[in-house]
Structures are given as structure tokens and as C-alpha cells.
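What follows is a single structure, written as C-alpha cells, with notes after it.
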Amino acid sequence: MHVPDGFIDAPLSVVGGVIATVGVGVCLRGARRELDEKTAPLAGLVAAFVFALQMLNFPVALGTSGHLLGGTLAAVLVGPYTGALCVTVVLTVQALFFADGGTTALGINITTMAIVTTVVGYGIVVLLRALLPARPASVVPAAFVGALISVPASALAFVGFYALGGTTGLSLGGVLVAMVGVHVLVGIGEAVITALTVGSVVTVRPDLVYATRSYEQPLEIRHTEQAA
Amino acid sequence: MSAGHHHHLYLDRASLIHRLPPQCKIAAVVLFVTAVVTTPRGSWWPYAVYVLALGAVAAAGRVPAPTILRRMIIETPFVLFAVILPFASPGPKTDVLGLTLSATGLESAGILLAKGTLGVVASILLAATTQPRDLLLGLQRLHMPQLLVQIMTFMFRYIEVVLGEMNRMRVARESRGFDARHVGHLKVVAQSAGALFIRCYERGERVHLAMLSRGYTGRLPVFADARSSTGQWAMAALLPLVAVATTVAAWATL
Amino acid sequence: MTASLVVHGLAFAYPDGHQALYGVDLTVARGERVAVLGPNGAGKTTLVLHLNGILGGGRGTVAVAGLPVTKEHVREIRRRVGIVFQDPDDQLFMPTVREDVAFGPANLGLRGPELADRVHEALVQVGMAEYADRPPHHLSYGQRRRVAVATVLAMRPEILVLDEPSSNLDPASRRELADILLGLPITILMVTHDLPYALQLCPRSVILDDGVIVADGSTYDLLCDDATMTAHRLELPFGFDPRSAMSVAPAASPSFP
Ligand SMILES: Nc1ncnc2c1ncn2[C@@H]1O[C@H](COP(=O)(O)OP(=O)(O)OP(=O)(O)O)[C@@H](O)[C@H]1O
Ligand SMILES: [Mg+2]
């Protein structure tokens with residue numbers, strides 16, 4: 001779903017750029033609360049991970065393929081603001097360096113794949129966690145549903161851009177059906193991978209999962225008779 | 001960093017383009033692509049100029065054509081998309097080689113391919129002549145927010161760890177007779193993803209602690225003085241200038 | 001004179017809830033060389049990571065030359081305390097040896113010829129000056145360890161902390177590293193499982209076990225104290241006798257400075 005250069009017309013690319021700039025600005029302010037000197041590499045790893053996930057193309061139907069987006073996973077692991085920044089970084093590197101997604105379409109790509117996915121995905125996670133039992137493992141089903149819905153939501157945002165500034169003249173209905181249809185399927189893959197990844201990280205290193213942060217316990221002090 | 005500086009995309013050459021400061025090259029690429037994208041529908045000659053301009057950059061950067069062509073494989077998904085356009089678009093039909101195609105669809109496909117491909121080639125040239133570390137420095141000098149620079153720094157460091165581990169896991173799976181085309185492969189990938197994440201994190205965490213111990217505050221120290229001179233900016237400006245002039249001429253002669 | 005390092009009542013649990021330190025007390029005088037001994041999982045590395053504020057947030061205090069290790073002093077603390085990590089591959093991450101050694105002083109704000117001098121001086125100290133332009137991962141393990149030491153020496157620390165410096169070194173590299181350390185006029189804290197090395201380099205040792213200091217005294221006395229040694233899973237290598245070792249190596253006499 002990486003939009004190449006020239007796919008959406010110039011005015012709407014500018015609109016996408018403005019939305020992305022404002023969104024990233026908001027995230028930069030919000031991320032200061034989520035990130036400290038020790039979580040910065042975690043954010044980098046999440047970005048690298050999302051990068052790798054986006055390389056996993058899998059066949060959907062009729063010769064089309066989709067790839068994972070990783071927005072919900074990023075938001076659950078490092079927090080929504082930082083998560084959106086991670087995906088933003090991935091998209092920027094892909095556009096400038098890997099020629100994946102147009103440089104002039106970067107604003108649109110950030111809006112649909114970094115902002116929409118994290119807002120929708122993490123929003124659902126927060127909602128569901130309020131309904132599910134209050135323990136760390138609850139984040140796993142919540143992440144599943146969040147990821148499941150975030151992908152078609154992102155595709156819908158893409159169709160919105162296309163409706164307003166598409167350059168290719170395809171019928172809107174056709175694009176809508178194809179994009180959302182494909183991405184409902186991609187969403188299932190995304191949900192499975194997100195839930196399994198979050199599940200195993202929650203089990204082994206719960207401290208690495210932002211959405212389950214809250215740990216305080218009293219420290220025990222031992223006194224010893226020193227020898228020698 | 002330990003992973004980033006041996007990037008396979010980078011061609012180690014001594015060329016004019018390699019020596020340009022990264023911030024100049026990034027700005028040039030962005031402006032060039034912007035000019036290309038704003039080329040008006042209906043004029044085709046500008047694309048010849050763009051191709052020649054990129055060709056000149058490739059020659060000056062000593063990036064061989066086969067390398068560029070090989071890397072253009074990244075475009076495949078949208079080439080496929082462009083191929084459907086003439087069949088799926090509405091509007092008047094024309095006959096091409098015995099096929100009935102939509103005329104506007106054909107035109108759209110042509111423009112999409114031309115603009116998309118030029119963007120792809122510009123990125124390929126940037127990556128072939130700029131190390132990831134310098135890309136970071138360039139973005140830092142172009143005032144990309146510090147937090148994004150920091151995330152990107154760590155991303156470059158982790159990418160090869162992650163891809164390397166992924167590849168090792170894939171080899172292990174396939175050597176046990178596992179067929180990756182099967183839908184079930186997702187499940188296997190997903191099951192190993194969590195373990196992969198933790199393994200990679202713990203490797204990088206220790207390096208990060210060592211960096212913090214040596215006074216790292218999130219900003220990469222700059223050793224080589226890579227500030228850009230007016231001359232370098234002027235040289236880097238050649239490519240976007242040609243492109244902008246071409247676009248303007250195309251609009252004027254429409 | 002204020003002590004170089006004062007650790008008081010230090011307790012710490014990792015975020016997963018596992019408590020690793022249960023109230024560590026340790027005072028090290030300026031210029032002293034102290035070995036930290038103890039079995040695997042005793043909390044040695046955890047203690048080391050508290051000395052420059054990498055870990056924190058538990059109970060107790062750490063002070064370096066009178067300056068408490070807190071968030072607002074962390075920059076100054078990291079200038080004063082140099083940590084050589086156990087695995088040189090964790091420590092070296094820049095493309096060339098020169099850049100790696102320059103990383104720390106550059107973070108301190110040094111630039112240009114001043115920075116180059118610092119780097120050169122540190123590399124000469126560890127005998128690696130002619131490798132300045134090589135990538136660290138092309139060096140042998142012992143060479144990488146020496147460069148790792150240089151990366152820290154280039155910051156001119158007041159306290160040098162080494163986490164298992166002799167592991168995986170061949171005997172010659174091990175001895176060369178000892179020569180380097182013995183020539184440094186600074187406070188040294190050395191975590192090690194290599195008891196003969198502790199005896200050679202550090203007049204004083206402490207034993208950390210299960211998150212507390214259980215013994216503190218002259219290295220020679222500790223190594224000769226069989227009861228304490230076995231109680232904390234410390235074993236001398238086969239055939240090594242501290243009594244005869246000291247008679248041939250009078251350089252490190254078992255006395256306090
Ligand atoms: N990141 C971590 N999260 C949770 N527990 C940890 C972490 N790092 C260490 N521990 C635990 O804390 C305890 C002390 O570990 P530490 O690394 O300080 O031991 P050590 O004395 O350095 O051991 P070694 O001699 O093997 O290096 C161990 O039980 C270890 O399992
Ligand atoms: Mg240790």
C-alpha cells in the first residue's frame with residue numbers, strides 16, 4: 001500500500017504532508033512522556049521490526065499481495081506516540097533509501113500507515129482493556145482486535161485520498177472493494193502476528209510492553225555479618 | 001552503526017556524487033521528485049529530460065546501469081497495478097496490438113510508470129552513493145527532529161540483526177522441508193516473531209548501555225567536518241534546477 | 001579526602017520483579033584497586049551498572065568522589081566513571097577503532113586536534129595505535145578488549161570499572177592487560193572470576209553473593225580462607241596456591257594502600 005510518486009495528485013499530496021506534519025508534531029510532544037534514555041533503543045528495534053514485517057509480502061488473491069503494517073504492534077510495545085514515530089521513521093527510510101513509496105507521497109503514506117493504524121489500533125486496545133480483566137495478558141486479545149481493524153481502516157484512509165486526488169481514473173467503487181477486501185485479509189495476518197509477538201514478549205519481558213507498564217514492589221534488605 | 005555501515009545498498013566508490021554532503025543530496029532528491037510529480041498531464045518530452053538528468057548523475061556517481069535496473073525490482077507491485085489500468089479504466093477504447101484498451105487508462109498507466117520509476121531511480125542513486133550513517137547526519141543537519149534521528153539510528157543498527165535472524169530462521173524452517181508459499185507459514189513466522197524480538201532487543205540493549213556509559217545523549221557526535229559549502233550546494237542544485245526548469249517549461253508550453 | 005566511591009544500602013529489582021541487590025555497602029578509597037568476586041548471578045554486573053547511573057531507582061545511594069549518582073549529575077558521573085563491559089562487542093560499535101575511541105571524548109565536547117590527541121594517547125596506552133583505522137570487528141578478541149579499554153581511558157575517568165576483563169584472553173594478552181592496568185594511577189574496580197588475576201592486580205577484594213557483600217578484606221587473606229571461599233562457590237584454579245604465587249610476585253603485596 002506504499003503510494004508511489006505521482007499516484008495521488010500534487011494538491012492532495014500537500015494535504016497529506018500537512019496532516020502528517022501536524023500528526024508527527026503531536027507525537028513528538030507526546031513521545032517525550034513515553035521515552036527515556038533506555039527506551040530509545042527499544043523504539044529503534046520496534047522500527048526495525050516493523051521494517052522487516054513490511055517486507056513480508058503475502059499473496060492474498062488474484063495475484064495481488066499485501067504486506068503487514070505494524071502500527072498496532074508498535075503502539076502496544078512502545079506507546080501510541082512513539083509507535084507512530086517508529087512507523088514514520090520506517091516509511092521515511094523506505095522512501096528515501098529503499099525507493100519503496102514515493103518521496104512526494106510520504107505525507108500520505110505516514111498519514112495512512114503510521115497515524116491511522118496507531119490511532120485506530122491503540123484506541124481499540126485501550127477500549128478493550130477497559131472491558132477485559134485487569135491483568136497484563138489481557139493486552140494480547142486487545143492487540144489482536146486492534147491490529148485486525150487497524151489495517152482495513154488504513155486502507156479506507158488510502159481510498160479517501162484516492163477519492164479526492166487519485167490520478168489514475170479507476171472507478172472509486174472498484175478501488176474501494178479491492179483495497180478494503182485485500183486489507184481485511186491482510187488484517188487477519190497482522191492480527192495473528194501482533195498477538196503472538198505481544199503474547200510472547202508479555203510472558204518473557206513484560207517490562208518491554210508499554211501497554212502493560214505498571215510495576216512497583218517493595219525491596220527487601222538483607223543484613224550480613226561480614227567475614228574476613 | 002555496527003550493522004549500518006556495511007550496507008549492501010551502498011556502492012563504495014570515489015566519485016563527485018559520493019563526496020557531496022548528504023544533506024545536499026537529500027534536498028536535491030526531494031526537490032527533483034517534486035518537480036517530476038508536478039509535470040502536467042499530456043506532455044511527454046519532459047520525461048526524456050529527467051531520464052537524461054538522472055543518467056548524468058548516475059554516470060558522475062559511477063553507479064552502473066545494471067545495478068540500477070536490478071534494484072528497480074522494488075517497483076514490481078505498482079508496475080503490476082499500472083498494467084491493469086488500461087484494462088480496468090472507463091472511457092473511450094483504443095486498439096493496441098489487438099487488445100481493446102482504455103485510452104485514458106493507457107495514458108494514466110504511462111504517467112504513473114514514468115513518475116514512479118523516476119522517483120525510484122532517484123532513491124536508488126541516493127542509497128548507492130550515501131552511507132546510512134551519512135543519511136542520518138544529513139537528516140540531522142536538515143533539522144529532522146532529534147527524536148526521529150535517534151529512532152532511525154537504532155533502527156539502522158537493528159535492521160540487519162533482525163533481517164539476519166529472520167533469514168536464519170527461514171533457512172532452518174526450509175531445511176526441514178517447510179514450504180513458505182503455504183499460508184501456514186504465517187503462523188510459523190508469527191510464532192518465532194516474539195522470540196526474535198526479545199533476542200534482538202537483548203543484544204542491542206547491552207550496546208546501548210555501553211554507549212550511555214560513554215556519555216551518549218542521543219546525538220551522534222560529528223567527527224568529520226561535513227558542513228556543506230556554497231559550491232557543493234550549487235552542484236547539488238543542478239539536478240533539481242534542471243527538473244524544475246523542465247516542469248515550468250512544460251506547463252508554459254501546454 | 002573524600003572516598004572515590006561510596007555505595008550505601010543499595011537494593012535493586014529488575015522490572016520483571018527479580019531482585020538482584022539486597023543492600024550493598026562498599027567504600028573504595030582514591031587510587032585503590034579492588035576486585036569484586038562472586039558466583040554467577042550474584043549481582044556483580046547489576047552493581048557495576050549502578051556506578052554510573054545506568055540502573056537506578058531502587059533503594060540506597062551511590063556517590064562518586066562525593067557527587068551523588070542522580071539524574072541531574074549523570075553527565076558528570078559518566079565522565080568520571082569509565083566502565084569496560086564484559087563483552088568488547090557490546091562496547092565497540094563505530095566503523096573504525098579511531099571513531100570508536102573518539103566517541104566518548106566527542107560526547108564530552110572535545111573536537112579537532114584535542115580530540116585526535118586524546119584518541120592517540122589512549123590507543124598508545126593500550127598498544128593499539130597502529131590499528132586506528134581498522135574496523136573493530138576485524139581485530140582479534142584480545143585486541144578488541146584492549147580497544148574497549150582505550151575507549152574508556154580516552155575519557156580520562158577517575159574510576160575505571162572493568163567487568164571480567166580477563167575472560168577469553170590468551171595468557172599473553174591477559175598479562176599485557178595487567179601491565180596496562182598496573183600502570184594506571186586511578187581507582188580501579190574489577191569484577192572477575194579469575195582469582196589469580198585478582199591477586200595479582202588488586203590488594204583488596206570483596207565477595208558479592210546473592211546481592212550482598214559477604215566478605216571484604218585483603219585478596220590474599222580471602223583466597224587463603226577456605227571456608228569463605230567454598231561457602232560462596234569460589235574455587236582456585238587447579239594447582240594455584242596464593243601462598244607460593246605471592247612469593248614470586250612481590251609487586252602486588254597483600255597490603256592496603
Ligand atoms: N535484565 C534483567 N532482567 C531481569 N533479571 C536480570 C536481568 N539482568 C540480570 N538479572 C538477574 O539478576 C541477577 C544478577 O545478575 P548479574 O548479571 O548482576 O550477575 P553477575 O554477578 O554479573 O553474574 P555473572 O558472573 O554470571 O556475570 C541474576 O539472577 C540475573 O538473572
Ligand atoms: Mg556479570
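Chain labels follow the order of the C-alpha cells: the first chain is A, the next B, and so on; residue numbering restarts at 1 in every chain, and ligands are counted from 1 in their shown order.
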- Could you pull out the residues sitting within 12 Å of ligand 2, using only C-alpha atoms and all ligand atoms, and write them as a count of residues only? 30
- Query: Within 12 Å of Gly123 of chain A, counting only C-alpha atoms, which residues qualify if same-chain residues fewer than 3 places away don't, as a VMD selection string?
  - Reply: chain A and resid 71 to 72 75 to 76 79 to 81 115 to 120 126 to 130 142 to 143 145 to 147 149 to 150 211
- Task: Please give the complete set of residues from segment 52-130 of chain C that DSSP, run on the backbone, assigns to strand (DSSP E or B), formatted as a PyMOL selection string.
- Result: chain C and resi 59-64+67-68+81-84
Please report as a tab-separated table every residue of chain A lying within 10 Å of ligand 1, along with the nearest atom pair and their distance in Å (one decimal), using only C-alpha atoms and all ligand atoms.
residue	atom	partner	partner_atom_place_in_ligand_line	distance
A:Val204	CA	ligand 1	3 (N)	9.7
A:Arg205	CA	ligand 1	3 (N)	7.9
A:Asp207	CA	ligand 1	3 (N)	8.9
- Query: Hey, what's within 8 Å of Val63 of chain B if we count only C-alpha atoms and toss same-chain stuff fewer than 3 positions away? As an MDAnalysis selection string, please?
  - Reply: chainID B and resid 11 58:60 67:68 125 128
Residues from the last selection, C-alpha atoms, saved as a compact mmCIF listing (two decimals), in the first residue's frame:
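So result.txt came out as:
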# COMPACT_ATOMS: atom_id res chain seq x y z
CA LEU B 11 28.49 1.25 -3.58
CA ALA B 58 24.46 8.01 -12.30
CA ALA B 59 27.48 8.49 -14.55
CA ALA B 60 29.00 11.10 -12.25
CA THR B 67 22.82 -2.21 -10.66
CA ILE B 68 20.09 0.37 -11.06
CA LEU B 125 21.05 6.71 -6.68
CA ALA B 128 24.09 3.88 -3.78
Please build the interface table for chain C against chain B with a cut-off of 10 Å, listing for each qualifying residue the nearest atom pair and the distance in Å to one decimal; count only C-alpha atoms, order rows by chain and increasing number, and write it as CSV.
residue,atom,partner,partner_atom,distance
C:Leu49,CA,B:Leu209,CA,8.5
C:Leu51,CA,B:Ser213,CA,9.9
C:Asn52,CA,B:Ser213,CA,6.9
C:Gly53,CA,B:Ser213,CA,8.6
C:Ile54,CA,B:Leu209,CA,6.9
C:Leu55,CA,B:Leu209,CA,9.5
C:Val74,CA,B:Gly215,CA,8.7
C:Arg75,CA,B:Gly215,CA,6.4
C:Glu76,CA,B:Gly215,CA,8.8
C:Ile77,CA,B:Gly215,CA,9.2
C:Arg78,CA,B:Ser213,CA,5.8
C:Arg79,CA,B:Gly215,CA,6.9
C:Val81,CA,B:Ser213,CA,8.2
C:Gly82,CA,B:Ser213,CA,7.1
C:Ile83,CA,B:Ser213,CA,6.7
C:Val84,CA,B:Ala210,CA,8.1
C:Phe85,CA,B:Ala210,CA,7.0
C:Gln86,CA,B:Arg206,CA,10.0
C:Asp87,CA,B:Arg206,CA,9.1
C:Pro88,CA,B:Val207,CA,9.5
C:Asp89,CA,B:Val207,CA,7.9
C:Asp90,CA,B:Val207,CA,4.4
C:Gln91,CA,B:Ala210,CA,5.4
C:Leu92,CA,B:Val207,CA,7.9
C:Phe93,CA,B:Ser2,CA,4.8
C:Met94,CA,B:Met1,CA,5.7
C:Pro95,CA,B:Ser2,CA,6.5
C:Thr96,CA,B:Ser2,CA,9.7
C:Glu99,CA,B:Phe223,CA,7.8
C:Val101,CA,B:Arg214,CA,9.9
C:Ala102,CA,B:Phe223,CA,8.3
C:Phe103,CA,B:Pro221,CA,6.8
C:Gly104,CA,B:Arg214,CA,4.7
C:Pro105,CA,B:Arg214,CA,8.0
C:Ala106,CA,B:Pro221,CA,5.9
C:Asn107,CA,B:Gly215,CA,5.5
C:Leu108,CA,B:Gly215,CA,6.7
C:Gly109,CA,B:Pro221,CA,8.6
C:Leu110,CA,B:Pro221,CA,9.8
C:Arg111,CA,B:Phe223,CA,7.4
C:Gly112,CA,B:Phe223,CA,7.9
C:Leu115,CA,B:Phe223,CA,9.1
C:Ala116,CA,B:Phe223,CA,9.8
C:Pro135,CA,B:Ser2,CA,9.5
C:Pro136,CA,B:Ser2,CA,9.2
C:His137,CA,B:Ser2,CA,8.6
C:Thr151,CA,B:Arg214,CA,8.3
C:Val152,CA,B:Arg214,CA,7.3
C:Ala154,CA,B:Arg214,CA,9.9
C:Met155,CA,B:Arg214,CA,7.8
- Task: Just need the residues of chain A within 7 Å of chain B, counting only C-alpha atoms, so spit them out as a PyMOL selection string.
- Result: chain A and resi 4-7+10+40-45+47-49+52+85-86+89+96-100+102-104+168-170+192-193+196-198+200-201
- Query: Near chain A, which residues of chain C fall within 6 Å when you count only C-alpha atoms, and what do they look like as a PyMOL selection string?
  - Reply: chain C and resi 15+22-23+214-215+217
May I have the selected residues written with N, CA, C and O atoms, as a PDB file, in the first residue's frame?
ATOM      1  N   PRO C  15      12.899  -4.832  36.290  1.00  0.00           N
ATOM      2  CA  PRO C  15      11.473  -4.561  36.027  1.00  0.00           C
ATOM      3  C   PRO C  15      10.608  -5.826  36.024  1.00  0.00           C
ATOM      4  O   PRO C  15       9.412  -5.741  36.261  1.00  0.00           O
ATOM      5  N   TYR C  22      20.471  -6.607  47.434  1.00  0.00           N
ATOM      6  CA  TYR C  22      19.707  -6.576  48.682  1.00  0.00           C
ATOM      7  C   TYR C  22      20.353  -5.696  49.733  1.00  0.00           C
ATOM      8  O   TYR C  22      20.375  -6.059  50.905  1.00  0.00           O
ATOM      9  N   GLY C  23      20.954  -4.590  49.341  1.00  0.00           N
ATOM     10  CA  GLY C  23      21.575  -3.732  50.343  1.00  0.00           C
ATOM     11  C   GLY C  23      23.089  -3.870  50.304  1.00  0.00           C
ATOM     12  O   GLY C  23      23.699  -4.464  51.191  1.00  0.00           O
ATOM     13  N   VAL C 214      29.453 -10.111  51.210  1.00  0.00           N
ATOM     14  CA  VAL C 214      29.568 -11.052  52.321  1.00  0.00           C
ATOM     15  C   VAL C 214      30.975 -11.113  52.884  1.00  0.00           C
ATOM     16  O   VAL C 214      31.195 -11.708  53.945  1.00  0.00           O
ATOM     17  N   ALA C 215      31.943 -10.541  52.167  1.00  0.00           N
ATOM     18  CA  ALA C 215      33.303 -10.535  52.698  1.00  0.00           C
ATOM     19  C   ALA C 215      34.055  -9.368  52.095  1.00  0.00           C
ATOM     20  O   ALA C 215      33.783  -8.962  50.964  1.00  0.00           O
ATOM     21  N   GLY C 217      38.169  -7.759  52.377  1.00  0.00           N
ATOM     22  CA  GLY C 217      39.457  -7.812  53.041  1.00  0.00           C
ATOM     23  C   GLY C 217      40.580  -7.903  52.044  1.00  0.00           C
ATOM     24  O   GLY C 217      40.381  -7.660  50.848  1.00  0.00           O
TER      25      GLY C 217
END
